[in-house]
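Chemist: Shown below is the structure under consideration.
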2 protein chains.
Amino acid sequence: MARAATTSDAFNAIAEPQRRRILTLLKGRERPVNEVARALRITQPRASKHLRVLREVGLVRVRESGQQRVYTLDARGLRPIHAWTGGFEQFWNESFDKLDAYVRKLERQEQNDDHR
Amino acid sequence: MARAATTSDAFNAIAEPQRRRILTLLKGRERPVNEVARALRITQPRASKHLRVLREVGLVRVRESGQQRVYTLDARGLRPIHAWTGGFEQFWNESFDKLDAYVRKLERQEQNDDHR
DNA sequence: ATAACATATGCCGATATGGGAATATGTCAA
DNA sequence: TTGACATATTCCCATATCGGCATATGTTAT
């Protein structure tokens, strides 16, 4: 088995920086592919492919408008990620203390090394 | 260029389900590799590799304790992800309305198709 | 029909994966 | 020193990228 498919879930989908940029861009308003491509300075095929991934995990929706496909943000899929990371909130505050303890422990170890 | 390296940042690191499980596990308390492996029912090399990735993006730290390497959670790297997803909070609430509008629009289109 | 425009898709190349198995490296105890 | 134990690393395989380019598909206007 290789790496999990990028289309498997939102966690994988947003691992790609370009796709994060697309989502951020769509916060402003819905946009057709070409506009996305131009805004992010990527080729049209690239934009289409990223948008496809985002569509497949449900982070965007498409609406056909004449010959254009207008993509709209559907951020609900980000909620689980926000929730999951939120579960660590207490820890990233606490971490400073733990880091201090860790550093002190390291220093002690190094002292022991010196005395060997 | 291929996919972004999994070790490049926390976004990539947590795209892997096993690694998310490891981080969750370490919320309880620090643990040596073997314990992680046993708890998640993965092989020791696999645990080591995942822990390495997590270490390289700074989500865990290692402390040597005799012949064991004890891994500790350092959740600070998750904060940017929480913040980034949090920037979409207003949208995932709003989305229901937008989805309604979208569905209605779709239905209209289908009606048009029928009349063609 | 035909041309112009907007998107999507297929194919290629280079690369990075995650998993398993075997093995190297390092530490401690007798 | 030797052996047991804990971890890390390497090699191999199958797969899934992401990017560029060419091209298929679909829509609108003439």
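Residues in the structure tokens are numbered from 1 in each chain, the chains being A, B, ... in the order shown, and ligands are numbered from 1 in the order shown.
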At a cut-off of 6 Å, can you tabulate as CSV every residue of chain B near chain A together with its closest atom pair and the distance in Å to one decimal, using only C-alpha atoms and ordering rows by chain then number?

Modeler:
residue,atom,partner,partner_atom,distance
B:Phe11,CA,A:Ala15,CA,5.0
B:Asn12,CA,A:Ala15,CA,4.9
B:Ala15,CA,A:Asn12,CA,4.9
B:Ala75,CA,A:Trp92,CA,4.7
B:Arg76,CA,A:Trp92,CA,4.4
B:His82,CA,A:His82,CA,5.2
B:Thr85,CA,A:His82,CA,5.5
B:Phe91,CA,A:Ala75,CA,5.8
B:Trp92,CA,A:Arg76,CA,4.4

Chemist: Write the residues of the preceding selection, restricted to C-alpha atoms, as a PDB file, in the first residue's frame.

Modeler:
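Listing of selection_28.pdb after writing:
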ATOM      1  CA  PHE B  11      -0.503  19.379   7.709  1.00  0.00           C
ATOM      2  CA  ASN B  12       1.151  16.523   5.890  1.00  0.00           C
ATOM      3  CA  ALA B  15      -2.823  13.378   6.965  1.00  0.00           C
ATOM      4  CA  ALA B  75       1.111  19.768  20.276  1.00  0.00           C
ATOM      5  CA  ARG B  76       2.200  23.265  19.460  1.00  0.00           C
ATOM      6  CA  HIS B  82      -6.506  24.669  14.311  1.00  0.00           C
ATOM      7  CA  THR B  85      -9.475  25.650   9.915  1.00  0.00           C
ATOM      8  CA  PHE B  91     -18.602  29.265   6.558  1.00  0.00           C
ATOM      9  CA  TRP B  92     -19.473  25.851   7.801  1.00  0.00           C
TER      10      TRP B  92
END

Chemist: Taking 6 positions as the minimum chain separation for residues in the same chain, which residues sit within 8 Å of range 4-9 of chain D when counting only C-alpha atoms (C1' of nucleotides)? Answer as a ChimeraX atom specification.

Modeler: /B:33-34,45,48,67-69 /C:24-25

Chemist: For chain B, which residue among C:DA1, C:DC28, C:DC12, C:DA22 is the nearest when counting only C-alpha atoms (C1' of nucleotides)?

Modeler: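 Nearest to chain B: C:DC28.
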
Chemist: Which residues are near DA3 in chain C? Cut-off 12 Å, only C-alpha atoms (C1' of nucleotides), ignore same chain within fewer than 4 positions. Put them as a list of chain:residue names.

Modeler: D:DT28, D:DA29, D:DT30

Chemist: Expressed in Å to a single decimal, how great is the separation between C1' of DG10 in chain C and C1' of DT27 in chain D?

Modeler: 21.6 Å

Chemist: Compile the residues of chain C that lie within 10 Å of chain A, evaluated using only C-alpha atoms (C1' of nucleotides), and express the compilation as a PDB file with N, CA and C atoms (P, O5', C5', C4', C3', O3' and C1' of nucleotides), in the first residue's frame.

Modeler:
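File written: selection-v7.pdb
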ATOM      1  P    DC C   5     -11.607  33.491 -28.165  1.00  0.00           P
ATOM      2  O5'  DC C   5     -12.311  32.788 -26.918  1.00  0.00           O
ATOM      3  C5'  DC C   5     -13.662  33.103 -26.607  1.00  0.00           C
ATOM      4  C4'  DC C   5     -14.178  32.163 -25.545  1.00  0.00           C
ATOM      5  C3'  DC C   5     -13.186  31.932 -24.393  1.00  0.00           C
ATOM      6  O3'  DC C   5     -13.856  32.154 -23.162  1.00  0.00           O
ATOM      7  C1'  DC C   5     -13.992  29.869 -25.221  1.00  0.00           C
ATOM      8  P    DA C   6     -13.007  31.931 -21.810  1.00  0.00           P
ATOM      9  O5'  DA C   6     -13.586  30.521 -21.347  1.00  0.00           O
ATOM     10  C5'  DA C   6     -14.964  30.399 -21.027  1.00  0.00           C
ATOM     11  C4'  DA C   6     -15.196  29.143 -20.221  1.00  0.00           C
ATOM     12  C3'  DA C   6     -14.182  28.924 -19.098  1.00  0.00           C
ATOM     13  O3'  DA C   6     -14.870  28.364 -17.984  1.00  0.00           O
ATOM     14  C1'  DA C   6     -14.072  27.114 -20.615  1.00  0.00           C
ATOM     15  P    DT C   7     -14.104  28.186 -16.607  1.00  0.00           P
ATOM     16  O5'  DT C   7     -14.090  26.610 -16.472  1.00  0.00           O
ATOM     17  C5'  DT C   7     -13.921  25.833 -17.597  1.00  0.00           C
ATOM     18  C4'  DT C   7     -14.363  24.404 -17.352  1.00  0.00           C
ATOM     19  C3'  DT C   7     -13.561  23.682 -16.273  1.00  0.00           C
ATOM     20  O3'  DT C   7     -14.377  22.709 -15.640  1.00  0.00           O
ATOM     21  C1'  DT C   7     -13.033  22.796 -18.415  1.00  0.00           C
ATOM     22  P    DA C   8     -13.767  21.713 -14.578  1.00  0.00           P
ATOM     23  O5'  DA C   8     -13.448  20.425 -15.460  1.00  0.00           O
ATOM     24  C5'  DA C   8     -14.481  19.820 -16.229  1.00  0.00           C
ATOM     25  C4'  DA C   8     -13.982  18.548 -16.882  1.00  0.00           C
ATOM     26  C3'  DA C   8     -13.236  17.603 -15.953  1.00  0.00           C
ATOM     27  O3'  DA C   8     -13.677  16.274 -16.234  1.00  0.00           O
ATOM     28  C1'  DA C   8     -11.838  18.179 -17.780  1.00  0.00           C
ATOM     29  P    DT C   9     -13.133  15.066 -15.360  1.00  0.00           P
ATOM     30  O5'  DT C   9     -12.058  14.458 -16.354  1.00  0.00           O
ATOM     31  C5'  DT C   9     -12.395  14.322 -17.730  1.00  0.00           C
ATOM     32  C4'  DT C   9     -11.240  13.742 -18.514  1.00  0.00           C
ATOM     33  C3'  DT C   9     -10.409  12.710 -17.745  1.00  0.00           C
ATOM     34  O3'  DT C   9     -10.223  11.606 -18.620  1.00  0.00           O
ATOM     35  C1'  DT C   9      -9.008  14.352 -18.670  1.00  0.00           C
ATOM     36  P    DA C  16      11.375  13.132  -3.222  1.00  0.00           P
ATOM     37  O5'  DA C  16      10.226  12.622  -2.240  1.00  0.00           O
ATOM     38  C5'  DA C  16       8.954  13.234  -2.298  1.00  0.00           C
ATOM     39  C4'  DA C  16       7.933  12.287  -1.716  1.00  0.00           C
ATOM     40  C3'  DA C  16       8.447  11.571  -0.464  1.00  0.00           C
ATOM     41  O3'  DA C  16       7.453  11.693   0.542  1.00  0.00           O
ATOM     42  C1'  DA C  16       7.616  10.007  -2.040  1.00  0.00           C
ATOM     43  P    DT C  17       7.780  11.253   1.982  1.00  0.00           P
ATOM     44  O5'  DT C  17       7.104   9.852   2.026  1.00  0.00           O
ATOM     45  C5'  DT C  17       5.770   9.939   2.142  1.00  0.00           C
ATOM     46  C4'  DT C  17       4.984   8.908   1.443  1.00  0.00           C
ATOM     47  C3'  DT C  17       4.761   7.791   2.430  1.00  0.00           C
ATOM     48  O3'  DT C  17       3.568   8.108   3.092  1.00  0.00           O
ATOM     49  C1'  DT C  17       5.017   7.061   0.177  1.00  0.00           C
ATOM     50  P    DG C  18       3.680   7.893   4.667  1.00  0.00           P
ATOM     51  O5'  DG C  18       3.047   6.461   4.940  1.00  0.00           O
ATOM     52  C5'  DG C  18       1.857   6.101   4.262  1.00  0.00           C
ATOM     53  C4'  DG C  18       1.798   4.591   4.185  1.00  0.00           C
ATOM     54  C3'  DG C  18       2.227   3.917   5.484  1.00  0.00           C
ATOM     55  O3'  DG C  18       1.345   2.860   5.768  1.00  0.00           O
ATOM     56  C1'  DG C  18       3.561   3.136   3.697  1.00  0.00           C
ATOM     57  P    DG C  19       1.388   2.143   7.141  1.00  0.00           P
ATOM     58  O5'  DG C  19       1.880   0.677   6.758  1.00  0.00           O
ATOM     59  C5'  DG C  19       1.158  -0.036   5.757  1.00  0.00           C
ATOM     60  C4'  DG C  19       1.907  -1.279   5.377  1.00  0.00           C
ATOM     61  C3'  DG C  19       2.595  -1.966   6.568  1.00  0.00           C
ATOM     62  O3'  DG C  19       2.166  -3.316   6.665  1.00  0.00           O
ATOM     63  C1'  DG C  19       4.117  -1.661   4.758  1.00  0.00           C
TER      64       DG C  19
END

Chemist: In range 20-63 of chain B, what's alpha helix (DSSP H) per DSSP? Answer as a ChimeraX atom specification?

Modeler: /B:20-28,33-40,44-56
